[in-house]
Amino acid sequence: MPQTYKTSVITSQAPAAIGPYSQGIDTGDLIFTSGQIPIDPANGHVATDIVQAARQGLNNIKAVLEEAGSGLDKVVKITVYLKDMADFKAMNEVYATYFQQPFPARSCVQVAGLPLDALVEFEAIALK
């Protein structure tokens with residue numbers, strides 16, 4: 001029977017939440033990450049180049065998952081929010097270096113805006 005509890009995932013290796021939410025939630029079986037924009041947790045800098053932004057956002061996802069005892073190899077679903085769909089190809093090239101087959105299910109949408117005027121945001125669901 002699945003466990004029915006949840007705990008917050010908190011790591012200094014990803015940026016602190018900029019609102020009333022957790023970096024991630026551990027349900028015991030699944031990890032749900034909050035959206036991660038490309039903030040460098042070491043200095044608070046937000047990447048302004050899509051390649052660097054995609055790397056930082058995915059590194060932040062990785063850090064939250066690893067803190068919860070999971071990892072990118074256990075991601076089953078990821079959602080990508082792009083400020084500009086013209087950045088899709090460059091984001092996808094970076095993304096392909098973080099995941100291997102079988103690739104997670106994925107949605108990618110263009111949005112009108114992201115927090116701190118970020119270029120991209122990622123959120124993931126992973127197995128524990």
# chains A, B, ... in the order shown; residues from 1 in each chain; ligands from 1
call {"tool": "residues_around", "arguments": {"residues": "range 70-87 of chain A", "least_positions_apart": "3", "cutoff": "10 Å", "atoms": "only C-alpha atoms", "output": "VMD selection string"}}
result
chain A and resid 26 30 to 33 35 to 37 49 to 51 54 57 to 59 61 to 67 90 to 92 95 98 to 114 117 to 128
call {"tool": "select_by_dssp", "arguments": {"residues": "chain A", "states": "strand (DSSP E or B)", "output": "PyMOL selection string"}}
result
chain A and resi 7-9+24-26+30-33+36+39+46+75-82+105-110+120-127
call {"tool": "write_last_selection", "arguments": {"atoms": "N, CA, C and O atoms", "output": "CSV table (one decimal), in the first residue's frame"}}
result
chain,number,residue,atom,x,y,z
A,7,THR,N,6.4,15.3,2.7
A,7,THR,CA,7.4,16.1,3.4
A,7,THR,C,8.0,17.1,2.4
A,7,THR,O,8.1,16.8,1.2
A,8,SER,N,8.4,18.2,2.8
A,8,SER,CA,9.1,19.2,2.0
A,8,SER,C,10.5,18.8,1.7
A,8,SER,O,11.2,18.2,2.5
A,9,VAL,N,10.9,19.1,0.5
A,9,VAL,CA,12.3,18.9,0.1
A,9,VAL,C,13.0,20.2,0.1
A,9,VAL,O,12.5,21.2,-0.6
A,24,GLY,N,10.3,21.2,-3.4
A,24,GLY,CA,9.7,19.9,-3.8
A,24,GLY,C,8.9,19.2,-2.7
A,24,GLY,O,9.0,19.7,-1.5
A,25,ILE,N,8.2,18.2,-3.1
A,25,ILE,CA,7.4,17.5,-2.1
A,25,ILE,C,7.7,16.0,-2.3
A,25,ILE,O,7.7,15.5,-3.5
A,26,ASP,N,8.0,15.3,-1.2
A,26,ASP,CA,8.3,13.9,-1.2
A,26,ASP,C,7.1,13.2,-0.7
A,26,ASP,O,6.7,13.4,0.5
A,30,LEU,N,6.7,9.2,-4.8
A,30,LEU,CA,7.0,10.2,-5.9
A,30,LEU,C,7.6,11.5,-5.3
A,30,LEU,O,7.2,11.9,-4.2
A,31,ILE,N,8.4,12.1,-6.1
A,31,ILE,CA,8.9,13.4,-5.8
A,31,ILE,C,8.3,14.4,-6.8
A,31,ILE,O,8.3,14.2,-8.1
A,32,PHE,N,7.7,15.5,-6.4
A,32,PHE,CA,7.1,16.5,-7.2
A,32,PHE,C,8.0,17.8,-7.0
A,32,PHE,O,8.1,18.3,-5.9
A,33,THR,N,8.7,18.3,-8.0
A,33,THR,CA,9.4,19.5,-7.9
A,33,THR,C,8.6,20.7,-8.2
A,33,THR,O,7.7,20.6,-9.1
A,36,GLN,N,11.4,25.2,-11.5
A,36,GLN,CA,12.8,25.8,-11.2
A,36,GLN,C,13.2,26.7,-12.4
A,36,GLN,O,13.3,26.2,-13.5
A,39,ILE,N,18.0,30.3,-11.7
A,39,ILE,CA,18.6,31.1,-10.6
A,39,ILE,C,19.8,30.2,-10.1
A,39,ILE,O,19.7,29.1,-9.7
A,46,VAL,N,20.3,35.3,-12.4
A,46,VAL,CA,19.3,34.6,-13.3
A,46,VAL,C,20.0,34.6,-14.7
A,46,VAL,O,20.3,35.7,-15.2
A,75,VAL,N,13.0,10.5,-13.4
A,75,VAL,CA,11.9,11.4,-13.8
A,75,VAL,C,11.0,10.7,-14.8
A,75,VAL,O,11.4,10.1,-15.8
A,76,VAL,N,9.7,10.8,-14.5
A,76,VAL,CA,8.7,10.2,-15.4
A,76,VAL,C,8.0,11.2,-16.2
A,76,VAL,O,7.4,10.9,-17.2
A,77,LYS,N,7.9,12.5,-15.7
A,77,LYS,CA,7.2,13.5,-16.4
A,77,LYS,C,7.9,14.8,-16.1
A,77,LYS,O,8.3,15.1,-15.0
A,78,ILE,N,8.1,15.6,-17.2
A,78,ILE,CA,8.7,17.0,-17.0
A,78,ILE,C,7.9,17.9,-17.8
A,78,ILE,O,7.4,17.6,-18.9
A,79,THR,N,7.7,19.1,-17.3
A,79,THR,CA,7.1,20.2,-18.0
A,79,THR,C,8.1,21.3,-18.2
A,79,THR,O,8.8,21.7,-17.2
A,80,VAL,N,8.1,21.9,-19.4
A,80,VAL,CA,9.0,23.0,-19.7
A,80,VAL,C,8.1,24.2,-20.1
A,80,VAL,O,7.3,24.0,-21.0
A,81,TYR,N,8.4,25.3,-19.5
A,81,TYR,CA,7.8,26.5,-19.8
A,81,TYR,C,8.8,27.5,-20.5
A,81,TYR,O,9.8,27.8,-19.8
A,82,LEU,N,8.6,27.8,-21.7
A,82,LEU,CA,9.5,28.7,-22.4
A,82,LEU,C,8.9,30.1,-22.6
A,82,LEU,O,7.7,30.2,-22.9
A,105,ALA,N,8.1,11.4,-20.2
A,105,ALA,CA,7.1,12.1,-20.8
A,105,ALA,C,7.3,13.6,-20.6
A,105,ALA,O,7.9,14.0,-19.6
A,106,ARG,N,6.9,14.5,-21.6
A,106,ARG,CA,7.2,15.9,-21.5
A,106,ARG,C,6.1,16.7,-22.2
A,106,ARG,O,5.6,16.4,-23.2
A,107,SER,N,5.9,17.9,-21.6
A,107,SER,CA,5.1,18.9,-22.2
A,107,SER,C,6.0,20.1,-22.3
A,107,SER,O,6.8,20.4,-21.4
A,108,CYS,N,5.8,20.9,-23.4
A,108,CYS,CA,6.6,22.2,-23.5
A,108,CYS,C,5.6,23.2,-24.1
A,108,CYS,O,5.0,23.0,-25.1
A,109,VAL,N,5.5,24.3,-23.3
A,109,VAL,CA,4.6,25.4,-23.8
A,109,VAL,C,5.3,26.7,-23.7
A,109,VAL,O,6.2,26.9,-22.9
A,110,GLN,N,4.8,27.6,-24.5
A,110,GLN,CA,5.3,29.0,-24.4
A,110,GLN,C,4.3,29.7,-23.5
A,110,GLN,O,3.1,29.5,-23.5
A,120,VAL,N,13.2,30.3,-19.1
A,120,VAL,CA,12.7,28.9,-19.1
A,120,VAL,C,12.4,28.5,-17.6
A,120,VAL,O,13.0,29.0,-16.7
A,121,GLU,N,11.5,27.6,-17.4
A,121,GLU,CA,11.2,27.0,-16.1
A,121,GLU,C,10.9,25.5,-16.4
A,121,GLU,O,10.3,25.2,-17.3
A,122,PHE,N,11.4,24.7,-15.4
A,122,PHE,CA,11.2,23.3,-15.5
A,122,PHE,C,10.5,22.8,-14.2
A,122,PHE,O,10.9,23.3,-13.1
A,123,GLU,N,9.6,21.8,-14.3
A,123,GLU,CA,9.1,21.1,-13.2
A,123,GLU,C,9.1,19.7,-13.5
A,123,GLU,O,8.9,19.3,-14.7
A,124,ALA,N,9.2,18.8,-12.5
A,124,ALA,CA,9.3,17.4,-12.8
A,124,ALA,C,8.6,16.6,-11.7
A,124,ALA,O,8.4,17.0,-10.6
A,125,ILE,N,8.2,15.4,-12.1
A,125,ILE,CA,7.7,14.3,-11.3
A,125,ILE,C,8.6,13.1,-11.4
A,125,ILE,O,8.9,12.7,-12.6
A,126,ALA,N,9.1,12.6,-10.3
A,126,ALA,CA,10.1,11.5,-10.4
A,126,ALA,C,9.7,10.4,-9.4
A,126,ALA,O,9.0,10.7,-8.4
A,127,LEU,N,10.1,9.2,-9.7
A,127,LEU,CA,10.0,8.1,-8.7
A,127,LEU,C,11.0,8.3,-7.6
A,127,LEU,O,12.1,8.9,-7.8
call {"tool": "atom_distance", "arguments": {"atom1": "CA of Gly69 in chain A", "atom2": "CA of Asp40 in chain A"}}
result
21.4 Å
call {"tool": "atom_distance", "arguments": {"atom1": "CA of Phe88 in chain A", "atom2": "CA of Leu116 in chain A"}}
result
19.7 Å
call {"tool": "select_by_dssp", "arguments": {"residues": "chain A", "states": "alpha helix (DSSP H)", "output": "NGL selection string"}}
result
:A and (50-67 or 88-95)
call {"tool": "write_last_selection", "arguments": {"atoms": "C-alpha atoms", "output": "tab-separated table (two decimals), in the first residue's frame"}}
result
chain	number	residue	atom	x	y	z
A	50	ILE	CA	18.82	30.19	-23.15
A	51	VAL	CA	21.64	27.61	-23.14
A	52	GLN	CA	22.88	28.68	-19.72
A	53	ALA	CA	19.30	29.14	-18.51
A	54	ALA	CA	18.33	25.59	-19.51
A	55	ARG	CA	21.44	24.16	-17.84
A	56	GLN	CA	20.84	26.05	-14.61
A	57	GLY	CA	17.14	25.20	-14.49
A	58	LEU	CA	17.86	21.50	-15.03
A	59	ASN	CA	20.72	21.60	-12.50
A	60	ASN	CA	18.22	23.02	-9.99
A	61	ILE	CA	15.75	20.21	-10.76
A	62	LYS	CA	18.58	17.70	-10.34
A	63	ALA	CA	19.55	19.17	-6.94
A	64	VAL	CA	15.99	19.00	-5.59
A	65	LEU	CA	15.57	15.42	-6.79
A	66	GLU	CA	18.91	14.30	-5.36
A	67	GLU	CA	18.09	15.88	-1.99
A	88	PHE	CA	12.89	25.47	-28.26
A	89	LYS	CA	15.75	24.05	-30.35
A	90	ALA	CA	18.52	25.39	-28.09
A	91	MET	CA	16.66	24.30	-24.94
A	92	ASN	CA	16.06	20.87	-26.45
A	93	GLU	CA	19.77	20.42	-27.23
A	94	VAL	CA	20.66	21.10	-23.60
A	95	TYR	CA	17.76	18.97	-22.35
